[in-house]
$ cat input-v6.txt   # compact mmCIF, C-alpha atoms and all ligand atoms
# COMPACT_ATOMS: atom_id res chain seq x y z
CA MET M 400 135.99 109.39 75.10
CA SER M 401 137.70 106.05 75.82
CA LYS M 402 136.09 103.91 78.45
CA PRO M 403 138.02 103.49 81.70
CA ILE M 404 139.58 100.15 82.63
CA TYR M 405 137.85 98.41 85.53
CA GLN M 406 139.17 95.68 87.82
CA GLN M 407 136.17 93.45 87.10
CA THR M 408 133.78 93.21 84.17
CA GLU M 409 131.01 91.45 86.03
CA GLY M 410 130.03 90.29 89.50
CA VAL M 411 127.39 90.20 92.21
CA VAL M 412 126.99 92.06 95.52
CA SER M 413 124.32 91.52 98.15
CA ARG M 414 123.17 93.31 101.29
CA SER M 415 120.48 93.09 103.93
CA VAL M 416 119.45 96.45 105.44
CA PRO M 417 116.79 97.19 108.08
CA SER M 418 113.87 99.58 107.97
CA ASN M 419 113.68 102.10 110.80
CA ILE M 420 110.97 103.70 112.89
CA ALA M 421 111.16 107.44 113.63
CA ILE M 422 110.37 108.71 117.12
CA VAL M 423 110.84 112.35 116.04
CA LYS M 424 109.40 112.50 112.54
CA TYR M 425 110.96 113.88 109.37
CA TRP M 426 108.13 115.76 107.68
CA GLY M 427 108.84 118.36 105.03
CA LYS M 428 111.88 118.86 102.84
CA ARG M 429 113.75 121.38 100.72
CA ASP M 430 116.20 121.14 97.79
CA VAL M 431 117.42 117.59 97.12
CA GLN M 432 116.06 115.66 100.07
CA LEU M 433 117.23 118.00 102.81
CA PRO M 434 114.96 117.94 105.85
CA LEU M 435 113.07 120.89 107.33
CA ASN M 436 113.65 119.49 110.81
CA PRO M 437 115.81 116.98 112.71
CA SER M 438 114.48 113.43 113.04
CA LEU M 439 115.48 110.58 115.31
CA SER M 440 114.87 106.84 114.88
CA PHE M 441 116.07 103.33 115.57
CA SER M 442 116.74 100.59 113.05
CA LEU M 443 114.64 97.45 113.26
CA GLU M 444 115.86 93.86 113.15
CA VAL M 445 113.14 91.73 111.59
CA SER M 446 111.84 94.23 109.01
CA ARG M 447 114.54 94.24 106.34
CA THR M 448 115.18 94.49 102.63
CA THR M 449 117.61 92.12 100.95
CA THR M 450 119.02 93.27 97.62
CA THR M 451 121.33 91.48 95.24
CA VAL M 452 122.82 93.48 92.37
CA GLY M 453 124.46 91.81 89.39
CA PHE M 454 126.70 94.15 87.37
CA ARG M 455 127.96 93.51 83.84
CA PHE M 456 130.19 95.67 81.64
CA ASP M 457 128.41 96.49 78.39
CA ASP M 458 130.44 98.14 75.67
CA THR M 459 127.42 99.07 73.60
CA LYS M 460 125.40 101.06 76.06
CA GLN M 461 125.34 104.84 76.33
CA ASP M 462 123.21 105.56 79.38
CA LEU M 463 122.02 104.07 82.66
CA SER M 464 120.44 100.66 82.25
CA PHE M 465 118.97 98.32 84.83
CA ASP M 466 116.31 95.69 85.47
CA PHE M 467 114.46 95.69 88.76
CA PHE M 468 112.71 92.69 90.30
CA LEU M 469 110.75 92.60 93.56
CA ASP M 470 110.35 89.02 94.78
CA GLY M 471 111.38 87.82 91.33
CA ILE M 472 108.79 89.91 89.46
CA GLN M 473 109.55 92.98 87.36
CA ILE M 474 107.63 95.96 88.79
CA PRO M 475 107.59 98.86 86.28
CA SER M 476 106.04 101.30 88.80
CA PHE M 477 109.24 101.15 90.92
CA ARG M 478 111.51 102.09 88.02
CA PRO M 479 111.17 105.92 88.07
CA LYS M 480 112.24 106.21 91.73
CA ILE M 481 115.23 103.90 91.17
CA GLU M 482 116.23 105.71 87.99
CA GLN M 483 116.02 109.09 89.74
CA PHE M 484 118.24 107.72 92.51
CA LEU M 485 120.81 106.30 90.06
CA ARG M 486 120.94 109.64 88.20
CA ARG M 487 121.53 111.49 91.45
CA VAL M 488 124.47 109.24 92.43
CA LEU M 489 125.93 109.08 88.90
CA PRO M 490 128.52 111.83 89.59
CA SER M 491 129.97 109.64 92.38
CA PHE M 492 129.73 106.44 90.34
CA PRO M 493 130.52 107.30 86.69
CA TRP M 494 130.86 103.55 85.93
CA LEU M 495 127.06 103.34 86.09
CA GLU M 496 127.01 104.48 82.47
CA PHE M 497 129.04 101.46 81.34
CA PHE M 498 127.52 98.68 83.45
CA HIS M 499 124.12 97.07 83.22
CA LEU M 500 122.59 96.34 86.66
CA THR M 501 120.20 93.51 87.48
CA ILE M 502 118.60 94.36 90.82
CA HIS M 503 116.69 91.72 92.82
CA SER M 504 115.02 92.93 96.03
CA SER M 505 112.79 91.31 98.59
CA ASN M 506 111.34 92.53 101.87
CA SER M 507 110.94 90.43 105.00
CA PHE M 508 107.62 92.20 105.66
CA PRO M 509 104.45 92.33 103.56
CA HIS M 510 104.22 95.17 101.05
CA SER M 511 100.85 96.13 102.51
CA SER M 512 102.16 96.49 106.07
CA GLY M 513 102.99 100.17 105.73
CA ILE M 514 106.54 99.57 106.98
CA ALA M 515 108.85 101.96 105.18
CA SER M 516 110.33 99.74 102.47
CA SER M 517 111.76 102.83 100.76
CA ALA M 518 114.04 103.41 103.79
CA SER M 519 115.46 99.87 103.83
CA GLY M 520 115.30 99.49 100.03
CA MET M 521 117.17 102.69 99.14
CA ALA M 522 119.77 102.24 101.89
CA CYS M 523 120.31 98.68 100.67
CA LEU M 524 120.82 99.85 97.10
CA ALA M 525 123.24 102.57 98.25
CA PHE M 526 125.34 99.94 100.06
CA CYS M 527 125.30 97.66 97.00
CA LEU M 528 126.54 100.49 94.75
CA THR M 529 129.40 101.30 97.12
CA ASP M 530 130.31 97.58 97.18
CA ILE M 531 130.42 97.55 93.36
CA GLU M 532 132.49 100.75 93.33
CA LYS M 533 135.04 99.06 95.60
CA ARG M 534 135.19 95.97 93.36
CA LEU M 535 135.57 98.01 90.15
CA THR M 536 138.04 100.62 91.27
CA GLY M 537 139.77 99.07 94.27
CA ASN M 538 139.01 102.29 96.19
CA SER M 539 138.46 101.74 99.90
CA ALA M 540 134.85 101.17 100.92
CA ALA M 541 132.72 104.24 101.65
CA ASP M 542 132.13 104.82 105.36
CA SER M 543 128.63 104.77 106.86
CA GLU M 544 128.32 108.56 106.73
CA GLN M 545 129.05 108.58 102.98
CA VAL M 546 126.57 105.74 102.40
CA SER M 547 124.00 107.61 104.51
CA CYS M 548 124.47 110.71 102.38
CA MET M 549 123.89 108.67 99.26
CA ALA M 550 120.91 106.76 100.67
CA ARG M 551 119.29 110.11 101.50
CA LEU M 552 119.18 110.88 97.77
CA GLY M 553 116.92 107.84 97.30
CA SER M 554 114.62 108.43 100.26
CA GLY M 555 115.15 110.81 103.17
CA SER M 556 114.45 108.31 105.94
CA ALA M 557 116.82 105.80 104.24
CA CYS M 558 119.81 107.79 105.49
CA ARG M 559 119.02 106.63 109.04
CA SER M 560 118.86 102.92 108.08
CA VAL M 561 122.62 102.68 107.48
CA TRP M 562 123.24 102.63 111.25
CA PRO M 563 122.45 99.89 113.73
CA GLY M 564 120.36 101.12 116.65
CA TRP M 565 119.69 104.81 117.21
CA SER M 566 120.44 107.65 114.81
CA LEU M 567 119.78 111.34 114.25
CA TRP M 568 119.41 113.09 110.91
CA GLY M 569 119.25 116.85 110.43
CA ALA M 570 121.03 119.86 111.90
CA TYR M 571 120.45 120.11 115.63
CA PRO M 572 122.46 122.93 117.20
CA ALA M 573 123.07 121.23 120.57
CA MET M 574 124.83 118.38 118.79
CA GLU M 575 127.71 119.61 116.69
CA ARG M 576 128.02 116.63 114.35
CA ALA M 577 124.31 116.55 113.50
CA ASN M 578 123.69 117.79 109.97
CA ASP M 579 121.22 117.77 107.08
CA GLU M 580 123.39 115.74 104.67
CA PHE M 581 123.63 112.43 106.51
CA ALA M 582 122.51 110.68 109.68
CA ILE M 583 124.83 110.16 112.65
CA SER M 584 124.81 107.33 115.18
CA LEU M 585 123.54 108.09 118.68
CA ASN M 586 124.32 104.70 120.21
CA GLU M 587 127.16 105.93 122.42
CA TYR M 588 124.68 108.08 124.38
CA VAL M 589 121.92 105.53 124.81
CA HIS M 590 121.02 104.11 128.24
CA PRO M 591 120.97 100.26 128.36
CA SER M 592 117.17 100.16 128.79
CA PHE M 593 116.75 101.66 125.31
CA GLN M 594 119.32 99.38 123.68
CA HIS M 595 116.87 96.48 123.48
CA ILE M 596 113.67 98.39 122.79
CA ARG M 597 110.84 96.30 121.33
CA ASP M 598 108.57 97.42 118.49
CA SER M 599 105.51 95.26 117.79
CA ILE M 600 103.90 96.41 114.58
CA LEU M 601 100.13 95.98 114.53
CA ILE M 602 98.81 95.71 110.98
CA LEU M 603 95.47 97.41 111.62
CA ASP M 604 94.76 97.98 107.95
CA GLY M 605 96.22 95.90 105.16
CA ASP M 606 95.54 98.40 102.34
CA ARG M 607 98.47 100.11 100.69
CA LYS M 608 98.81 103.70 101.81
CA LYS M 609 96.98 105.99 99.46
CA ILE M 610 99.22 109.03 99.69
CA SER M 611 102.97 108.82 99.14
CA SER M 612 105.23 110.49 101.67
CA SER M 613 106.64 112.76 98.92
CA VAL M 614 103.18 114.34 98.54
CA GLY M 615 103.04 114.85 102.32
CA HIS M 616 106.53 116.44 102.39
CA LYS M 617 105.52 118.82 99.60
CA LEU M 618 102.40 119.92 101.44
CA MET M 619 104.62 121.10 104.32
CA THR M 620 106.22 123.76 102.13
CA ARG M 621 103.18 126.01 102.44
CA HIS M 622 101.68 124.48 105.54
CA PRO M 623 100.17 127.04 107.94
CA TYR M 624 101.91 125.34 110.90
CA ARG M 625 105.27 124.88 109.16
CA GLU M 626 107.34 127.11 111.47
CA ALA M 627 105.64 125.80 114.60
CA ARG M 628 106.33 122.24 113.43
CA ILE M 629 110.05 122.95 112.90
CA ALA M 630 110.29 124.43 116.41
CA GLN M 631 108.34 121.50 117.88
CA ALA M 632 110.59 118.89 116.20
CA ASN M 633 113.72 120.63 117.50
CA HIS M 634 112.29 120.77 121.01
CA ASN M 635 111.20 117.11 120.87
CA THR M 636 114.61 116.01 119.57
CA GLY M 637 116.19 117.46 122.71
CA ARG M 638 113.59 115.76 124.92
CA VAL M 639 114.12 112.34 123.30
CA ILE M 640 117.91 112.64 123.55
CA THR M 641 117.53 113.48 127.27
CA ALA M 642 115.23 110.46 127.74
CA LEU M 643 117.57 108.12 125.83
CA LYS M 644 120.56 109.24 127.88
CA SER M 645 118.86 108.91 131.25
CA GLY M 646 116.66 105.87 130.55
CA ASP M 647 113.49 107.94 131.16
CA TRP M 648 110.73 105.86 129.54
CA SER M 649 107.97 108.17 130.66
CA LEU M 650 109.46 111.22 128.91
CA PHE M 651 110.36 109.10 125.89
CA GLY M 652 106.83 107.74 125.55
CA GLN M 653 105.20 111.11 126.04
CA VAL M 654 107.22 112.57 123.17
CA ALA M 655 106.84 109.48 120.94
CA GLU M 656 103.05 109.65 121.14
CA ALA M 657 102.95 113.45 120.73
CA GLU M 658 105.15 113.20 117.61
CA ALA M 659 102.99 110.49 116.02
CA LEU M 660 99.78 112.43 116.66
CA SER M 661 101.38 115.69 115.46
CA LEU M 662 102.45 114.00 112.21
CA HIS M 663 98.85 112.96 111.56
CA ALA M 664 97.55 116.36 112.68
CA LEU M 665 99.83 117.96 110.08
CA MET M 666 98.33 115.71 107.41
CA LEU M 667 94.81 116.55 108.56
CA SER M 668 95.54 120.27 108.43
CA SER M 669 97.33 120.24 105.04
CA GLU M 670 95.57 121.60 101.99
CA PRO M 671 94.14 119.29 100.78
CA GLY M 672 93.97 117.54 104.12
CA TYR M 673 93.99 113.77 104.34
CA VAL M 674 93.28 111.08 106.90
CA LEU M 675 95.46 107.99 107.15
CA LEU M 676 94.41 106.71 110.59
CA LYS M 677 91.55 104.19 110.62
CA PRO M 678 88.88 103.50 113.27
CA GLU M 679 91.03 100.56 114.44
CA SER M 680 93.98 102.94 114.93
CA PHE M 681 91.91 105.04 117.36
CA GLN M 682 90.62 101.93 119.14
CA ALA M 683 94.20 100.68 119.54
CA ILE M 684 95.31 104.07 120.95
CA GLU M 685 92.59 103.90 123.60
CA CYS M 686 93.44 100.31 124.41
CA VAL M 687 97.15 101.07 124.88
CA ARG M 688 96.49 104.09 127.07
CA ASN M 689 94.05 102.12 129.26
CA PHE M 690 96.49 99.22 129.58
CA ARG M 691 99.30 101.60 130.52
CA GLN M 692 97.21 103.19 133.23
CA GLU M 693 96.01 99.87 134.66
CA SER M 694 99.33 98.01 134.49
CA GLY M 695 101.70 100.88 135.18
CA LEU M 696 103.97 99.45 132.44
CA PRO M 697 105.91 101.75 130.05
CA VAL M 698 104.10 100.85 126.82
CA TYR M 699 103.73 103.58 124.20
CA PHE M 700 102.76 103.90 120.57
CA THR M 701 103.92 105.65 117.46
CA PHE M 702 102.61 105.70 113.87
CA ASP M 703 104.37 106.20 110.58
CA ALA M 704 102.53 107.87 107.70
CA GLY M 705 99.87 105.16 107.80
CA PRO M 706 97.22 103.49 109.99
CA ASN M 707 99.39 100.77 111.56
CA MET M 708 100.54 101.11 115.15
CA HIS M 709 104.10 100.55 116.37
CA LEU M 710 103.96 99.50 120.01
CA LEU M 711 107.15 100.46 121.88
CA TYR M 712 108.24 98.88 125.17
CA PRO M 713 111.34 97.71 127.05
CA ALA M 714 112.57 94.12 126.64
CA GLU M 715 111.89 93.46 130.33
CA THR M 716 108.13 93.89 129.85
CA GLU M 717 107.95 91.58 126.83
CA LYS M 718 105.96 88.81 128.56
CA GLU M 719 103.20 91.07 129.88
CA VAL M 720 102.97 93.13 126.69
CA THR M 721 102.82 90.06 124.46
CA SER M 722 99.85 88.74 126.46
CA PHE M 723 98.21 92.17 126.21
CA ILE M 724 98.67 92.14 122.43
CA GLN M 725 97.24 88.60 122.13
CA ARG M 726 94.31 89.41 124.41
CA ASP M 727 93.25 92.93 123.38
CA LEU M 728 95.02 94.16 120.25
CA LYS M 729 95.29 91.20 117.89
CA GLN M 730 91.56 91.19 117.26
CA LEU M 731 91.81 94.73 115.86
CA CYS M 732 94.47 93.66 113.37
CA ASN M 733 93.86 92.80 109.76
CA GLY M 734 94.26 89.03 109.49
CA GLN M 735 95.37 89.12 113.17
CA SER M 736 98.72 90.21 111.83
CA VAL M 737 101.48 91.46 114.18
CA ILE M 738 105.21 91.74 113.44
CA PHE M 739 107.24 91.34 116.64
CA ASP M 740 110.26 93.49 115.90
CA ARG M 741 113.02 95.12 117.96
CA LEU M 742 116.08 97.35 117.76
CA GLY M 743 118.51 95.67 115.38
CA ILE M 744 122.12 95.07 114.46
CA GLY M 745 122.00 97.14 111.26
CA PRO M 746 123.14 96.35 107.71
CA VAL M 747 124.77 93.03 106.82
CA ASP M 748 127.05 92.34 103.84
CA LEU M 749 125.70 89.00 102.65
CA ILE M 750 128.71 88.24 100.43
CA ASN M 751 131.54 89.05 102.83
CA GLU M 752 129.95 88.52 106.26
CA LYS M 753 127.82 85.42 105.94
CA VAL M 754 125.52 85.27 108.99
O1 LIG M 801 111.73 108.93 103.60
P1 LIG M 801 110.36 109.32 103.22
O2 LIG M 801 110.36 110.37 102.15
O3 LIG M 801 109.53 108.11 102.85
O4 LIG M 801 109.64 109.99 104.48
C1 LIG M 801 109.39 109.30 105.68
C2 LIG M 801 108.51 110.08 106.56
C3 LIG M 801 108.04 109.37 107.83
O5 LIG M 801 108.19 107.97 107.72
C4 LIG M 801 106.57 109.68 108.07
C5 LIG M 801 108.78 109.87 109.06
C6 LIG M 801 110.21 109.45 109.23
O6 LIG M 801 110.99 110.25 109.75
O7 LIG M 801 110.56 108.30 108.89
$ encode --input "input-v6.txt" --output "structure tokens" --more "lines below"
Ligand code: PMV
Amino acid sequence: MSKPIYQQTEGVVSRSVPSNIAIVKYWGKRDVQLPLNPSLSFSLEVSRTTTTVGFRFDDTKQDLSFDFFLDGIQIPSFRPKIEQFLRRVLPSFPWLEFFHLTIHSSNSFPHSSGIASSASGMACLAFCLTDIEKRLTGNSAADSEQVSCMARLGSGSACRSVWPGWSLWGAYPAMERANDEFAISLNEYVHPSFQHIRDSILILDGDRKKISSSVGHKLMTRHPYREARIAQANHNTGRVITALKSGDWSLFGQVAEAEALSLHALMLSSEPGYVLLKPESFQAIECVRNFRQESGLPVYFTFDAGPNMHLLYPAETEKEVTSFIQRDLKQLCNGQSVIFDRLGIGPVDLINEKV
């Protein structure tokens, strides 16, 4: 078969894409990265992945080929996940067979922080591939929904990172556009007090997480509470949407904490069960709940699939909450490490939209 003619034989694209934090958690999947339940999150600002992809036409090659560097170092353990992703998107990007890719990635947050680098990393790579596609074929750029669909094939939660601010992934009957294939933006519904939400990430344990989320998703397939969890996530999605629309921090926080604890309860009750929260995580929970009661301020927590707490609060309470963190929570953190993050502006094209 003769090789197609492309508009460029080599070039470079570069993107910066945020990680996101789920308030309603995606936990359990079927088929190719389709979720068992709807999930809802917001994209962060500070916690980002930057990826630069060099592409070069290579007449001699017959299959996918790429080099991957994290912070300038080749990391062989990352290759299988990237290769699986590239194979999944190959039908949309047949040029991948004729171009060698040199992928350089770096995260703005430490690898050990437990922040989902697969969400920002896979979404970033999906954007870079669509940028290359545009350069090679002259086709118009993919829209965010198409990029979200593609990012999902790399990592489920990545499909939410393509949007700035709030997004929803997974079929949710009360919202017609919501679907399992890609995430949709929720920003048009969000009350101003949730448009500047803060997320201070307390690194309570610096160890890498010992169980990958794909193992956790798999354990949901035969989980005794599977059906109850699906019903709970649907119910909680409705409650969070109501809270976001009306600016109800108390309802929002109640659901955020219940979701985080349910996620860990599902891990505890899997077979085999596993524990990701650490003693410091429990101490921090108690501290936050006491502070909330004493101060009357809307400060709530969530956790990802790891021991580190995300502290959620409105921008208006930043001064009081920062002093609380310095006074009571920092001492629980590994190396006193806290990342002061917030709802962010979403992906940035570093070649065409210099910031
Ligand atoms: O995208 P994955 O496969 O890494 O799964 C992410 C799962 C959670 O972070 C625990 C929850 C979520 O919705 O982001």
$ residues_around --input "input-v6.txt" --residues "region 582-594 of chain M" --least-positions-apart "5" --cutoff "8 Å" --atoms "only C-alpha atoms" --output "list in words"
Glu544, Ser547, Cys548, Cys558, Arg559, Trp562, Pro563, Gly564, Trp565, Ser566, Leu567, Trp568, Gly569, Arg576, Ala577, Leu643, Lys644, Ser645, Gly646, Pro713, Ala714 and Leu742 of chain M
$ residues_near_ligand --input "input-v6.txt" --ligand "ligand LIG 801 (chain M)" --cutoff "7 Å" --atoms "only C-alpha atoms and all ligand atoms" --output "PDB file with C-alpha atoms, keeping the file's coordinate frame"
ATOM      1  CA  ILE M 420     110.970 103.700 112.890  1.00  0.00           C
ATOM      2  CA  ALA M 421     111.160 107.440 113.630  1.00  0.00           C
ATOM      3  CA  VAL M 423     110.840 112.350 116.040  1.00  0.00           C
ATOM      4  CA  LYS M 424     109.400 112.500 112.540  1.00  0.00           C
ATOM      5  CA  TYR M 425     110.960 113.880 109.370  1.00  0.00           C
ATOM      6  CA  TRP M 426     108.130 115.760 107.680  1.00  0.00           C
ATOM      7  CA  SER M 438     114.480 113.430 113.040  1.00  0.00           C
ATOM      8  CA  ALA M 515     108.850 101.960 105.180  1.00  0.00           C
ATOM      9  CA  SER M 517     111.760 102.830 100.760  1.00  0.00           C
ATOM     10  CA  ALA M 518     114.040 103.410 103.790  1.00  0.00           C
ATOM     11  CA  SER M 554     114.620 108.430 100.260  1.00  0.00           C
ATOM     12  CA  GLY M 555     115.150 110.810 103.170  1.00  0.00           C
ATOM     13  CA  SER M 556     114.450 108.310 105.940  1.00  0.00           C
ATOM     14  CA  ALA M 557     116.820 105.800 104.240  1.00  0.00           C
ATOM     15  CA  SER M 612     105.230 110.490 101.670  1.00  0.00           C
ATOM     16  CA  SER M 613     106.640 112.760  98.920  1.00  0.00           C
ATOM     17  CA  ASP M 703     104.370 106.200 110.580  1.00  0.00           C
ATOM     18  CA  ALA M 704     102.530 107.870 107.700  1.00  0.00           C
TER      19      ALA M 704
END
$ closest_residue --input "input-v6.txt" --among "M:Leu552, M:Ala627, M:Ala642, M:Ile602" --to "Leu676 (chain M)" --atoms "only C-alpha atoms"
M:Ile602
$ atom_distance --input "input-v6.txt" --atom1 "CA of Ile738 (chain M)" --atom2 "CA of Leu601 (chain M)"
6.7 Å
$ residues_near_point --input "input-v6.txt" --point "(106.3, 99.1, 133.0)" --cutoff "10 Å" --atoms "only C-alpha atoms" --output "PyMOL selection string"
chain M and resi 648-649+691-692+694-698+712-713+715-717+719-720
$ build_atoms --input "input-v6.txt" --residues "region 659-671 of chain M" --atoms "N, CA and C atoms" --output "CSV table (one decimal), keeping the file's coordinate frame"
chain,number,residue,atom,x,y,z
M,659,ALA,N,103.8,111.3,117.0
M,659,ALA,CA,103.0,110.5,116.0
M,659,ALA,C,101.7,111.2,115.8
M,660,LEU,N,101.1,111.7,116.8
M,660,LEU,CA,99.8,112.4,116.7
M,660,LEU,C,100.0,113.8,115.9
M,661,SER,N,101.1,114.4,116.2
M,661,SER,CA,101.4,115.7,115.5
M,661,SER,C,101.5,115.4,114.0
M,662,LEU,N,102.3,114.3,113.6
M,662,LEU,CA,102.4,114.0,112.2
M,662,LEU,C,101.1,113.9,111.5
M,663,HIS,N,100.2,113.2,112.2
M,663,HIS,CA,98.8,113.0,111.6
M,663,HIS,C,98.0,114.3,111.6
M,664,ALA,N,98.2,115.1,112.6
M,664,ALA,CA,97.6,116.4,112.7
M,664,ALA,C,98.0,117.3,111.5
M,665,LEU,N,99.3,117.2,111.2
M,665,LEU,CA,99.8,118.0,110.1
M,665,LEU,C,99.2,117.5,108.8
M,666,MET,N,99.0,116.2,108.6
M,666,MET,CA,98.3,115.7,107.4
M,666,MET,C,96.9,116.2,107.4
M,667,LEU,N,96.2,116.1,108.5
M,667,LEU,CA,94.8,116.6,108.6
M,667,LEU,C,94.7,118.0,108.2
M,668,SER,N,95.7,118.8,108.6
M,668,SER,CA,95.5,120.3,108.4
M,668,SER,C,96.3,120.8,107.2
M,669,SER,N,96.7,119.8,106.3
M,669,SER,CA,97.3,120.2,105.0
M,669,SER,C,96.2,120.7,104.1
M,670,GLU,N,96.6,121.3,103.0
M,670,GLU,CA,95.6,121.6,102.0
M,670,GLU,C,96.0,121.0,100.7
M,671,PRO,N,95.3,120.0,100.2
M,671,PRO,CA,94.1,119.3,100.8
M,671,PRO,C,94.6,118.4,102.0
